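First the structure, in the form of structure tokens, and then the observations on it.
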Number of protein chains: 2
Amino acid sequence: MKFTIEKKLSGKLGRAGKIETPHGIINTPAFIVVGTKATVKAMTPEQVKDLGAQAVLANTYHLYLEPGEKIVKNGGGLHKFMNWSGPTFTDSGGFQAFSLGVAFGTTISKLSKPQSNSFDEREKKSESVRSEGMPPLAKITEDGVIFKSYRDGSEHFFSPEKSIEIQNSIGADIIFAFDECTSPTADKKYQKEAMDRTHRWATRSLARHRELQVESTKSKVGEKKSEQAIFGVVQGGRFEDLRKESAGVIGSMDFDGFGIGGSFDKEDIGTAVSWVNKELPEGKPRHLLGIGEPEDFFLAIENGCDTFDCVAPTRQARNGTLYTKQGKIHIDNAKYREYFAPIEADCMCYTCSHYTLAYIAYLARTKELLAHTLSSIHNLHFIVHLVEDIRQSILNETFDKFKNSFLEGYRKTEKN
Amino acid sequence: MKFTIEKKLSGKLGRAGKIETPHGIINTPAFIVVGTKATVKAMTPEQVKDLGAQAVLANTYHLYLEPGEKIVKNGGGLHKFMNWSGPTFTDSGGFQAFSLGVAFGTTISKLSKPQSNSFDEREKKSESVRSEGMPPLAKITEDGVIFKSYRDGSEHFFSPEKSIEIQNSIGADIIFAFDECTSPTADKKYQKEAMDRTHRWATRSLARHRELQVESTKSKVGEKKSEQAIFGVVQGGRFEDLRKESAGVIGSMDFDGFGIGGSFDKEDIGTAVSWVNKELPEGKPRHLLGIGEPEDFFLAIENGCDTFDCVAPTRQARNGTLYTKQGKIHIDNAKYREYFAPIEADCMCYTCSHYTLAYIAYLARTKELLAHTLSSIHNLHFIVHLVEDIRQSILNETFDKFKNSFLEGYRKTEKN
């Protein structure tokens with residue numbers, strides 16, 4: 001993997017560049033589309049590519065539980081298995097092992113098996129369980145984390161070594177070191193403990209990654225594996241000193257790039273990100289994990305982030321929320337029943353080129369699966385191109401103008 | 001609409017031909033893909049076209065209830081509304097008004113509103129209600145049928161005139177006369193009564209169709225409407241004399257083609273269809289309504305049917321049943337967990353060109369929507385190309401050979 005900075009944002013940390021991977025180039029800043037279970041929900045890879053997406057991020061935790069990393073590997077690795085020929089990432093599984101296990105304590109309890117098979121219900125369940133502060137499913141030790149599957153309550157163990165081995169089997173271009181993602185409500189003492197542990201786990205992740213690289217270089221069959229790049233993950237919660245310390249420690253290790261994990265105060269995302277990015281080495285790419293609202297990108301990018309991933313565009317699409325330059329709209333609004341025009345008149349996406357909002361709203365009302373596909377295409381196109389437009393504005397030296405103009409329009413009330 | 005016979009099957013009623021519609025040619029015999037609610041479930045129109053489908057059939061009953069024919073019309077008519085530029089059909093709404101109302105008696109009862117919004121549940125519910133013989137939702141008079149919506153129990157009325165007006169608004173290339181679709185269990189006395197009523201309704205359907213054609217020819221805005229073709233529907237249950245009588249009566253009317261409705265004994269489908277097709281005028285196309293299992297096509301085609309529609313390929317796909325030349329397989333079979341080859345090695349469909357059965361089985365287990373898309377593409381490709389291959393075998397004079405060879409393979413047990 002190679003990262004090149006093409007242009008810097010004057011007086012700020014932001015930059016435009018490119019990440020070269022074995023499966024192609026990612027022009028940055030870039031939004032990385034989430035394909036949690038080795039599929040971008042409700043879309044074919046061709047639809048994902050056609051809307052302008054450059055890369056896909058899959059989730060180690062989900063793929064480990066089902067179908068299992070061995071099946072992904074025997075199916076030819078992530079790219080071939082899911083029919084996506086472009087660059088790929090996998091996260092470390094840390095966030096899900098903790099967050100789908102609800103909380104971040106030390107006791108273990110069992111989440112009852114979900115009753116419903118409906119598509120989004122399990123995801124919703126884990127979200128609501130998390131926010132309601134029910135008993136945790138994860139137990140953390142120095143060695144790793146014991147967690148219960150969100151699917152069936154079965155017990156599993158992730159260590160840094162295990163996460164790297166799984167990610168090696170899955171075979172994405174860019175993988176992440178195993179980290180502890182703390183609860184936003186944890187106190188500073190715990191944040192510090194967890195951060196120090198994450199640093200030790202980073203060392204172990206990197207060591208296991210290097211071992212596997214050497215092994216695969218020796219083995220002809222696995223020769224390609226040595227091209228995997230690994231990103232270290234910065235933690236530290238909402239504390240400036242911890243974030244700086246973490247960025248200093250992780251940034252000094254021999255990672256190919258960095259992830260910024262954990263939670264931030266939404267209104268202060270730019271400041272928090274700048275603490276980290278001032279410490280990280282400039283010449284390596286920085287991925288902000290799990291961030292994806294339109295306003296966030298401007299703040300994160302001008303403060304030095306290069307790539308992003310988030311389920312929001314596709315999840316919101318499936319829930320009927322559509323992005324427009326005038327803000328989000330909800331498809332169930334009665335005024336869209338007879339709205340015989342595209343979601344956005346000037347949008348170039350497949351959905352807006354071929355369908356009226358009235359048609360998509362009708363599909364959504366009548367629970368037709370095509371509603372999910374068309375809405376996801378529009379939302380992803382919107383976000384991918386927003387980040388691409390930000391990139392262009394850096395290259396053209398019009399970042400501030402574009403930022404102000406976009407945000408002014410975006411903060412308008414719901415579309416007429 | 002123009003129908004041309006290109007080649008006849010020696011000594012039999014079967015033929016290969018073409019139907020020319022305002023939106024393109026349908027080479028027959030042809031399988032018409034069902035897009036009940038102005039969408040082929042889980043697929044884009046491009047995916048439908050790319051798999052080789054020539055035409056789509058939408059359902060008048062469903063579109064009338066939601067979004068309503070006025071919205072389809074104001075959305076530019078069926079083709080534009082759903083982004084399908086090829087030929088289209090709508091059925092008359094008769095079958096659903098009766099069958100989704102469960103039975104075929106004269107009392108009215110209310111089907112409770114479905115509790116679940118899950119995608120297939122409502123369809124399943126109406127199916128199970130029907131098979132369990134619960135109270136009917138439809139009341140039949142000479143004028144038409146009063147029925148309760150399968151969606152919310154609201155009361156509605158279809159007459160032949162109303163059905164034609166709705167179909168005119170929806171704007172498909174080929175529409176059907178309004179008919180009474182009798183219960184398979186009705187006695188001969190009732191079948192005769194219903195058939196005679198269907199014949200009177202056919203006369204009324206045709207009359208209203210002609211009036212609308214004249215109106216639309218006068219109106220510049222609606223000029224295109226005059227190109228709609230109308231098919232009359234033959235009924236008569238399982239009785240040879242009634243079927244022949246119905247074909248004689250309907251066949252003598254000035255329809256552009258014919259539908260064959262109602263139920264048959266599965267094992268005797270060829271015989272029953274031949275009763276009808278011997279009576280119908282040779283020079284007009286014949287559509288066998290709602291038939292779509294692989295074995296059925298050979299029998300129906302050699303006995304003179306030209307087109308078919310059926311929800312089976314897509315519904316079975318969503319339920320995990322996949323067609324192969326060695327018979328149907330079910331995706332949940334444990335042996336497919338690690339089946340790292342396409343569903344069928346020699347299948348040219350998008351799904352088989354890009355994905356292993358192991359991947360699709362994984363998507364299905366984990367309830368990913370892409371499973372529906374990939375499975376539907378394969379099943380529709382299988383059925384559309386099977387009927388296309390039958391067409392070619394008529395043109396090449398190899399029908400019997402192809403029939404025997406296909407059926408021998410298809411009746412084999414589940415794939416190894």
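Labels used: A, B, ... for chains in the order of the structure tokens, numbers from 1 for residues in each chain, and numbers from 1 for ligands as shown.
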Can you give chain B as a short mmCIF file (atom, residue, chain, number, x, y, z; two decimals) with C-alpha atoms, in the first residue's frame after you superpose it on chain A, pairing all C-alpha atoms in order for the least-squares fit?
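Listing of part-v8.cif after writing:
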data_model
loop_
_atom_site.label_atom_id
_atom_site.label_comp_id
_atom_site.auth_asym_id
_atom_site.auth_seq_id
_atom_site.Cartn_x
_atom_site.Cartn_y
_atom_site.Cartn_z
CA MET B 1 0.00 -0.01 0.02
CA LYS B 2 1.23 3.46 -0.87
CA PHE B 3 -0.18 6.84 0.17
CA THR B 4 0.55 10.05 -1.70
CA ILE B 5 -0.56 13.54 -0.70
CA GLU B 6 -1.55 15.49 -3.78
CA LYS B 7 -2.56 18.79 -2.24
CA LYS B 8 -2.83 20.27 1.25
CA LEU B 9 -5.51 22.54 2.56
CA SER B 10 -3.84 25.87 3.23
CA GLY B 11 -3.32 26.50 6.96
CA LYS B 12 -5.16 23.35 7.96
CA LEU B 13 -4.52 19.64 8.43
CA GLY B 14 -6.69 18.57 5.47
CA ARG B 15 -5.34 17.09 2.29
CA ALA B 16 -6.27 15.36 -0.95
CA GLY B 17 -4.30 12.28 -1.89
CA LYS B 18 -4.46 8.72 -3.07
CA ILE B 19 -4.09 5.32 -1.48
CA GLU B 20 -2.77 2.66 -3.82
CA THR B 21 -3.87 -0.86 -2.91
CA PRO B 22 -3.43 -4.22 -4.66
CA HIS B 23 -7.01 -3.85 -5.90
CA GLY B 24 -6.83 -0.29 -7.13
CA ILE B 25 -6.53 3.34 -6.10
CA ILE B 26 -8.65 5.19 -3.57
CA ASN B 27 -8.68 8.91 -4.26
CA THR B 28 -8.96 10.67 -0.92
CA PRO B 29 -10.80 12.04 0.91
CA ALA B 30 -13.12 9.12 0.24
CA PHE B 31 -16.21 7.58 1.75
CA ILE B 32 -15.77 3.82 2.10
CA VAL B 33 -19.07 2.01 1.64
CA VAL B 34 -19.98 -0.42 4.41
CA GLY B 35 -20.62 -4.00 3.36
CA THR B 36 -20.86 -5.49 6.85
CA LYS B 37 -21.58 -9.07 5.86
CA ALA B 38 -19.62 -9.09 2.60
CA THR B 39 -22.58 -7.47 0.86
CA VAL B 40 -23.68 -3.88 0.66
CA LYS B 41 -27.25 -4.34 1.79
CA ALA B 42 -29.85 -4.55 -0.99
CA MET B 43 -27.32 -3.81 -3.74
CA THR B 44 -25.17 -5.68 -6.22
CA PRO B 45 -21.46 -4.78 -6.33
CA GLU B 46 -22.03 -3.36 -9.82
CA GLN B 47 -24.61 -0.96 -8.40
CA VAL B 48 -22.13 0.03 -5.70
CA LYS B 49 -19.40 0.63 -8.25
CA ASP B 50 -21.67 2.46 -10.68
CA LEU B 51 -22.68 5.02 -8.07
CA GLY B 52 -19.02 5.95 -7.69
CA ALA B 53 -17.90 4.00 -4.63
CA GLN B 54 -14.18 3.25 -4.61
CA ALA B 55 -13.87 0.77 -1.75
CA VAL B 56 -15.91 -1.41 0.59
CA LEU B 57 -15.44 -2.10 4.31
CA ALA B 58 -16.64 -5.43 5.72
CA ASN B 59 -16.92 -6.39 9.38
CA THR B 60 -14.65 -8.99 10.91
CA TYR B 61 -17.02 -9.74 13.79
CA HIS B 62 -19.95 -10.59 11.51
CA LEU B 63 -17.93 -12.59 8.98
CA TYR B 64 -16.25 -14.55 11.77
CA LEU B 65 -19.65 -15.57 13.18
CA GLU B 66 -21.20 -16.30 9.79
CA PRO B 67 -20.13 -17.78 7.42
CA GLY B 68 -16.79 -17.99 9.25
CA GLU B 69 -13.50 -16.71 7.88
CA LYS B 70 -12.57 -20.15 6.52
CA ILE B 71 -15.52 -20.09 4.14
CA VAL B 72 -14.63 -16.59 2.99
CA LYS B 73 -11.05 -17.75 2.44
CA ASN B 74 -12.06 -20.95 0.66
CA GLY B 75 -14.47 -18.91 -1.43
CA GLY B 76 -11.43 -17.09 -2.79
CA GLY B 77 -11.14 -14.33 -0.19
CA LEU B 78 -13.34 -11.32 0.38
CA HIS B 79 -13.04 -9.82 -3.09
CA LYS B 80 -13.92 -12.95 -4.99
CA PHE B 81 -16.45 -14.20 -2.44
CA MET B 82 -18.54 -11.03 -2.68
CA ASN B 83 -17.70 -10.15 -6.31
CA TRP B 84 -16.10 -6.79 -5.50
CA SER B 85 -12.90 -6.23 -7.43
CA GLY B 86 -11.97 -2.88 -5.89
CA PRO B 87 -10.12 -2.07 -2.66
CA THR B 88 -11.47 -3.50 0.60
CA PHE B 89 -11.09 -2.92 4.31
CA THR B 90 -12.06 -5.01 7.31
CA ASP B 91 -12.39 -3.51 10.76
CA SER B 92 -10.87 -5.40 13.67
CA GLY B 93 -14.11 -6.75 15.15
CA GLY B 94 -13.37 -4.90 18.37
CA PHE B 95 -16.15 -2.37 18.11
CA GLN B 96 -18.83 -5.02 17.49
CA ALA B 97 -17.48 -7.47 20.08
CA PHE B 98 -17.96 -4.71 22.62
CA SER B 99 -20.92 -2.76 21.31
CA LEU B 100 -23.10 -5.64 20.16
CA GLY B 101 -22.41 -7.00 23.61
CA VAL B 102 -24.15 -3.86 24.79
CA ALA B 103 -21.85 -2.37 27.38
CA PHE B 104 -18.32 -2.42 28.55
CA GLY B 105 -18.21 -3.96 31.99
CA THR B 106 -16.79 -7.20 33.21
CA THR B 107 -19.82 -9.42 33.80
CA ILE B 108 -21.31 -11.72 31.24
CA SER B 109 -24.96 -12.12 30.52
CA LYS B 110 -26.87 -13.70 27.71
CA LEU B 111 -28.88 -11.78 25.19
CA SER B 112 -31.92 -13.86 24.32
CA LYS B 113 -32.06 -15.06 20.77
CA PRO B 114 -34.00 -12.68 18.53
CA GLN B 115 -37.49 -13.96 17.80
CA SER B 116 -37.86 -12.33 14.46
CA ASN B 117 -36.08 -12.90 11.24
CA SER B 118 -37.04 -9.56 9.79
CA PHE B 119 -34.16 -7.91 8.09
CA ASP B 120 -33.39 -4.95 10.24
CA GLU B 121 -34.86 -6.08 13.51
CA ARG B 122 -31.78 -7.71 14.91
CA GLU B 123 -29.71 -4.67 14.17
CA LYS B 124 -32.33 -2.49 15.84
CA LYS B 125 -32.46 -4.80 18.81
CA SER B 126 -28.77 -4.57 19.46
CA GLU B 127 -28.99 -0.82 19.12
CA SER B 128 -31.83 -0.47 21.56
CA VAL B 129 -30.27 -2.88 24.01
CA ARG B 130 -27.12 -0.84 23.89
CA SER B 131 -28.87 2.44 24.51
CA GLU B 132 -30.96 1.01 27.32
CA GLY B 133 -27.84 -0.09 29.18
CA MET B 134 -28.79 -3.73 29.60
CA PRO B 135 -26.24 -6.20 30.89
CA PRO B 136 -23.03 -6.50 28.91
CA LEU B 137 -22.08 -9.50 26.84
CA ALA B 138 -18.34 -8.91 26.82
CA LYS B 139 -15.61 -9.72 29.34
CA ILE B 140 -12.27 -8.03 28.84
CA THR B 141 -8.95 -9.43 29.98
CA GLU B 142 -5.40 -8.51 29.12
CA ASP B 143 -5.41 -11.36 26.65
CA GLY B 144 -8.52 -10.31 24.77
CA VAL B 145 -12.29 -10.24 24.95
CA ILE B 146 -14.80 -12.99 25.62
CA PHE B 147 -18.15 -12.15 24.06
CA LYS B 148 -21.47 -13.70 23.28
CA SER B 149 -22.70 -13.86 19.71
CA TYR B 150 -25.49 -11.41 18.90
CA ARG B 151 -26.98 -14.22 16.83
CA ASP B 152 -27.34 -17.09 19.25
CA GLY B 153 -25.63 -16.25 22.53
CA SER B 154 -22.75 -18.66 21.89
CA GLU B 155 -19.45 -17.68 23.56
CA HIS B 156 -16.43 -16.56 21.57
CA PHE B 157 -12.98 -15.12 22.18
CA PHE B 158 -11.09 -12.45 20.24
CA SER B 159 -7.49 -11.58 20.99
CA PRO B 160 -5.37 -9.23 18.92
CA GLU B 161 -3.69 -12.27 17.36
CA LYS B 162 -7.02 -13.93 16.62
CA SER B 163 -8.45 -10.78 15.03
CA ILE B 164 -5.43 -10.44 12.76
CA GLU B 165 -5.56 -14.11 11.80
CA ILE B 166 -9.23 -13.80 10.92
CA GLN B 167 -8.62 -10.65 8.92
CA ASN B 168 -5.74 -12.35 7.18
CA SER B 169 -8.04 -15.20 6.15
CA ILE B 170 -10.75 -12.82 4.98
CA GLY B 171 -8.09 -11.14 2.88
CA ALA B 172 -9.05 -7.45 2.64
CA ASP B 173 -6.47 -4.98 1.34
CA ILE B 174 -6.48 -2.95 4.53
CA ILE B 175 -7.04 -4.40 8.00
CA PHE B 176 -7.17 -2.84 11.44
CA ALA B 177 -5.34 -3.60 14.69
CA PHE B 178 -7.57 -5.00 17.44
CA ASP B 179 -8.64 -2.27 19.84
CA GLU B 180 -10.94 -1.78 22.79
CA CYS B 181 -13.76 0.56 21.94
CA THR B 182 -14.83 2.10 25.24
CA SER B 183 -18.27 3.25 26.26
CA PRO B 184 -18.87 6.98 25.86
CA THR B 185 -19.94 7.00 29.51
CA ALA B 186 -16.76 5.41 30.90
CA ASP B 187 -14.78 7.59 33.29
CA LYS B 188 -11.30 8.88 32.60
CA LYS B 189 -9.61 6.24 34.75
CA TYR B 190 -11.20 3.49 32.70
CA GLN B 191 -10.51 5.28 29.42
CA LYS B 192 -6.83 5.46 30.32
CA GLU B 193 -6.70 1.77 31.27
CA ALA B 194 -8.49 0.76 28.06
CA MET B 195 -6.27 3.01 25.96
CA ASP B 196 -3.09 1.55 27.44
CA ARG B 197 -4.46 -1.93 26.76
CA THR B 198 -5.31 -0.92 23.18
CA HIS B 199 -1.69 0.19 22.77
CA ARG B 200 -0.39 -3.19 24.01
CA TRP B 201 -2.91 -4.89 21.71
CA ALA B 202 -1.66 -2.74 18.82
CA THR B 203 1.87 -4.03 19.39
CA ARG B 204 0.58 -7.61 19.44
CA SER B 205 -1.60 -7.03 16.35
CA LEU B 206 1.34 -5.66 14.43
CA ALA B 207 3.60 -8.51 15.53
CA ARG B 208 1.10 -11.17 14.44
CA HIS B 209 0.54 -9.35 11.16
CA ARG B 210 4.29 -9.38 10.45
CA GLU B 211 4.51 -13.11 11.26
CA LEU B 212 1.68 -13.86 8.85
CA GLN B 213 3.33 -11.74 6.18
CA VAL B 214 6.54 -13.75 6.52
CA GLU B 215 4.58 -17.03 6.46
CA SER B 216 2.66 -16.05 3.38
CA THR B 217 5.76 -14.84 1.56
CA LYS B 218 7.24 -18.31 2.13
CA SER B 219 4.09 -20.01 0.88
CA LYS B 220 3.44 -19.77 -2.81
CA VAL B 221 -0.28 -20.26 -2.41
CA GLY B 222 -0.65 -17.37 -0.04
CA GLU B 223 1.75 -15.03 -1.78
CA LYS B 224 -0.83 -12.28 -2.22
CA LYS B 225 -1.42 -11.98 1.50
CA SER B 226 1.81 -10.19 2.10
CA GLU B 227 0.28 -7.20 0.38
CA GLN B 228 -2.22 -6.66 3.19
CA ALA B 229 -1.76 -3.30 4.90
CA ILE B 230 -2.54 -2.75 8.58
CA PHE B 231 -3.87 0.38 10.26
CA GLY B 232 -3.38 1.05 13.99
CA VAL B 233 -6.33 2.44 15.93
CA VAL B 234 -6.15 5.56 18.11
CA GLN B 235 -8.46 5.62 21.13
CA GLY B 236 -8.68 7.87 24.24
CA GLY B 237 -12.36 8.79 24.51
CA ARG B 238 -13.18 12.47 24.71
CA PHE B 239 -10.07 13.50 26.59
CA GLU B 240 -7.57 15.70 24.83
CA ASP B 241 -4.54 14.42 26.74
CA LEU B 242 -5.48 10.77 26.19
CA ARG B 243 -6.20 11.30 22.49
CA LYS B 244 -2.84 13.03 22.02
CA GLU B 245 -1.04 10.34 23.98
CA SER B 246 -2.74 7.58 22.00
CA ALA B 247 -1.96 9.24 18.68
CA GLY B 248 1.67 9.62 19.76
CA VAL B 249 2.01 5.98 20.79
CA ILE B 250 0.10 4.42 17.89
CA GLY B 251 1.60 6.92 15.43
CA SER B 252 5.13 5.86 16.37
CA MET B 253 4.45 2.22 15.51
CA ASP B 254 5.14 0.83 12.07
CA PHE B 255 1.53 0.84 10.82
CA ASP B 256 0.63 1.58 7.19
CA GLY B 257 -2.07 3.99 8.26
CA PHE B 258 -4.32 4.80 11.18
CA GLY B 259 -7.86 4.48 12.32
CA ILE B 260 -9.48 6.89 14.73
CA GLY B 261 -11.93 5.01 16.88
CA GLY B 262 -14.29 5.60 19.76
CA SER B 263 -16.79 8.34 20.33
CA PHE B 264 -16.64 12.09 20.10
CA ASP B 265 -18.94 14.89 21.03
CA LYS B 266 -20.72 15.51 17.79
CA GLU B 267 -20.47 19.28 17.98
CA ASP B 268 -16.75 19.09 18.60
CA ILE B 269 -15.70 16.46 16.13
CA GLY B 270 -13.28 18.73 14.29
CA THR B 271 -11.40 19.68 17.45
CA ALA B 272 -11.14 16.12 18.70
CA VAL B 273 -9.93 14.87 15.37
CA SER B 274 -7.35 17.63 15.14
CA TRP B 275 -5.84 16.60 18.51
CA VAL B 276 -5.13 13.22 16.95
CA ASN B 277 -4.10 14.21 13.48
CA LYS B 278 -1.57 16.78 14.68
CA GLU B 279 0.26 13.90 16.37
CA LEU B 280 -0.02 11.26 13.67
CA PRO B 281 2.67 11.11 10.96
CA GLU B 282 1.57 13.21 8.01
CA GLY B 283 2.56 10.75 5.32
CA LYS B 284 0.14 7.96 6.24
CA PRO B 285 -3.62 7.78 5.67
CA ARG B 286 -6.12 8.32 8.48
CA HIS B 287 -9.48 6.59 8.62
CA LEU B 288 -12.21 7.98 10.86
CA LEU B 289 -14.22 4.95 11.91
CA GLY B 290 -18.01 4.97 11.79
CA ILE B 291 -18.60 8.62 10.93
CA GLY B 292 -20.88 9.51 8.10
CA GLU B 293 -23.26 12.43 8.46
CA PRO B 294 -22.86 15.09 5.78
CA GLU B 295 -21.85 17.85 8.21
CA ASP B 296 -19.17 15.64 9.81
CA PHE B 297 -17.12 15.22 6.66
CA PHE B 298 -16.18 18.88 6.34
CA LEU B 299 -14.97 19.05 9.93
CA ALA B 300 -13.11 15.76 9.80
CA ILE B 301 -11.53 16.42 6.43
CA GLU B 302 -10.30 19.91 7.20
CA ASN B 303 -8.78 18.44 10.32
CA GLY B 304 -6.84 15.80 8.45
CA CYS B 305 -8.95 12.68 7.93
CA ASP B 306 -8.72 10.86 4.62
CA THR B 307 -11.30 8.09 4.67
CA PHE B 308 -14.61 7.31 6.41
CA ASP B 309 -17.09 4.53 6.74
CA CYS B 310 -20.59 4.51 8.14
CA VAL B 311 -23.76 2.45 7.89
CA ALA B 312 -25.92 5.58 8.05
CA PRO B 313 -26.51 6.16 4.31
CA THR B 314 -27.74 2.62 3.67
CA ARG B 315 -29.49 2.07 6.98
CA GLN B 316 -31.31 5.38 6.71
CA ALA B 317 -32.24 4.51 3.13
CA ARG B 318 -33.87 1.29 4.29
CA ASN B 319 -35.71 3.24 6.96
CA GLY B 320 -37.00 5.73 4.38
CA THR B 321 -34.73 8.70 5.05
CA LEU B 322 -33.24 10.22 1.92
CA TYR B 323 -30.45 12.76 1.64
CA THR B 324 -30.90 15.90 -0.40
CA LYS B 325 -28.86 19.07 -0.72
CA GLN B 326 -31.66 20.75 1.25
CA GLY B 327 -31.39 18.29 4.11
CA LYS B 328 -32.88 14.91 4.80
CA ILE B 329 -36.43 14.06 3.83
CA HIS B 330 -38.63 11.15 4.88
CA ILE B 331 -40.25 9.12 2.18
CA ASP B 332 -43.50 8.59 4.12
CA ASN B 333 -44.37 12.27 3.99
CA ALA B 334 -47.79 12.46 2.32
CA LYS B 335 -46.63 15.15 -0.08
CA TYR B 336 -44.42 12.64 -1.89
CA ARG B 337 -47.34 10.41 -2.89
CA GLU B 338 -47.74 12.47 -6.04
CA TYR B 339 -44.26 13.91 -6.39
CA PHE B 340 -43.65 13.01 -10.03
CA ALA B 341 -40.04 14.15 -10.12
CA PRO B 342 -36.77 12.59 -8.98
CA ILE B 343 -35.68 12.83 -5.33
CA GLU B 344 -33.35 15.60 -6.53
CA ALA B 345 -33.76 17.15 -9.95
CA ASP B 346 -30.02 17.58 -10.52
CA CYS B 347 -28.88 14.27 -9.03
CA MET B 348 -27.11 12.01 -11.51
CA CYS B 349 -27.62 8.75 -9.63
CA TYR B 350 -29.33 5.74 -11.20
CA THR B 351 -32.38 6.21 -8.99
CA CYS B 352 -32.91 9.87 -9.82
CA SER B 353 -32.23 9.21 -13.51
CA HIS B 354 -35.01 6.64 -13.82
CA TYR B 355 -37.60 6.97 -11.05
CA THR B 356 -39.85 9.54 -9.45
CA LEU B 357 -40.00 10.04 -5.73
CA ALA B 358 -43.69 9.10 -6.01
CA TYR B 359 -42.68 5.67 -7.30
CA ILE B 360 -40.06 5.08 -4.60
CA ALA B 361 -42.46 6.28 -1.90
CA TYR B 362 -45.07 3.87 -3.25
CA LEU B 363 -42.57 0.99 -3.20
CA ALA B 364 -41.64 1.87 0.38
CA ARG B 365 -45.30 1.99 1.49
CA THR B 366 -45.98 -1.37 -0.04
CA LYS B 367 -42.76 -2.89 1.42
CA GLU B 368 -41.24 -3.70 -1.93
CA LEU B 369 -37.55 -4.60 -1.73
CA LEU B 370 -36.69 -2.38 -4.69
CA ALA B 371 -37.40 0.59 -2.40
CA HIS B 372 -34.33 -0.38 -0.37
CA THR B 373 -32.17 -0.73 -3.47
CA LEU B 374 -33.23 2.57 -5.04
CA SER B 375 -33.00 4.51 -1.77
CA SER B 376 -29.60 3.03 -0.90
CA ILE B 377 -28.23 3.90 -4.33
CA HIS B 378 -29.36 7.50 -3.95
CA ASN B 379 -28.05 7.95 -0.41
CA LEU B 380 -24.70 6.34 -1.13
CA HIS B 381 -24.34 8.33 -4.34
CA PHE B 382 -25.09 11.47 -2.35
CA ILE B 383 -22.48 10.75 0.33
CA VAL B 384 -19.79 9.33 -1.96
CA HIS B 385 -20.09 12.33 -4.26
CA LEU B 386 -20.22 14.80 -1.40
CA VAL B 387 -16.84 13.54 -0.19
CA GLU B 388 -15.59 13.50 -3.78
CA ASP B 389 -16.74 17.10 -4.17
CA ILE B 390 -14.87 18.01 -0.99
CA ARG B 391 -11.78 16.37 -2.50
CA GLN B 392 -12.19 18.44 -5.65
CA SER B 393 -12.62 21.60 -3.59
CA ILE B 394 -9.27 20.90 -1.90
CA LEU B 395 -7.62 20.36 -5.27
CA ASN B 396 -9.26 23.55 -6.62
CA GLU B 397 -8.59 25.56 -3.48
CA THR B 398 -12.29 26.24 -3.00
CA PHE B 399 -12.83 24.21 0.16
CA ASP B 400 -14.19 26.98 2.39
CA LYS B 401 -16.49 28.28 -0.29
CA PHE B 402 -17.86 24.82 -1.01
CA LYS B 403 -18.24 24.05 2.69
CA ASN B 404 -20.21 27.20 3.40
CA SER B 405 -22.38 26.86 0.35
CA PHE B 406 -23.17 23.20 0.97
CA LEU B 407 -23.91 23.58 4.66
CA GLU B 408 -26.09 26.62 4.11
CA GLY B 409 -28.29 24.64 1.72
CA TYR B 410 -28.19 21.44 3.76
CA ARG B 411 -29.41 23.06 6.93
CA LYS B 412 -32.58 24.27 5.27
CA THR B 413 -35.82 22.74 6.41
CA GLU B 414 -37.55 19.84 4.78
CA LYS B 415 -37.96 19.97 1.04
CA ASN B 416 -41.03 21.72 -0.29
#
#### Entry: Those in segment 197-349 of chain A with strand (DSSP E) from DSSP, as a list in words
Ala229, Ile230, Phe231, Gly232, Val233, Val234, Gly257, Phe258, Gly259, Ile260, Arg286, His287, Leu288, Thr307, Phe308, Asp309, Cys310, Thr321, Leu322, Tyr323, Thr324, Gly327, Lys328, Ile329 and His330 of chain A
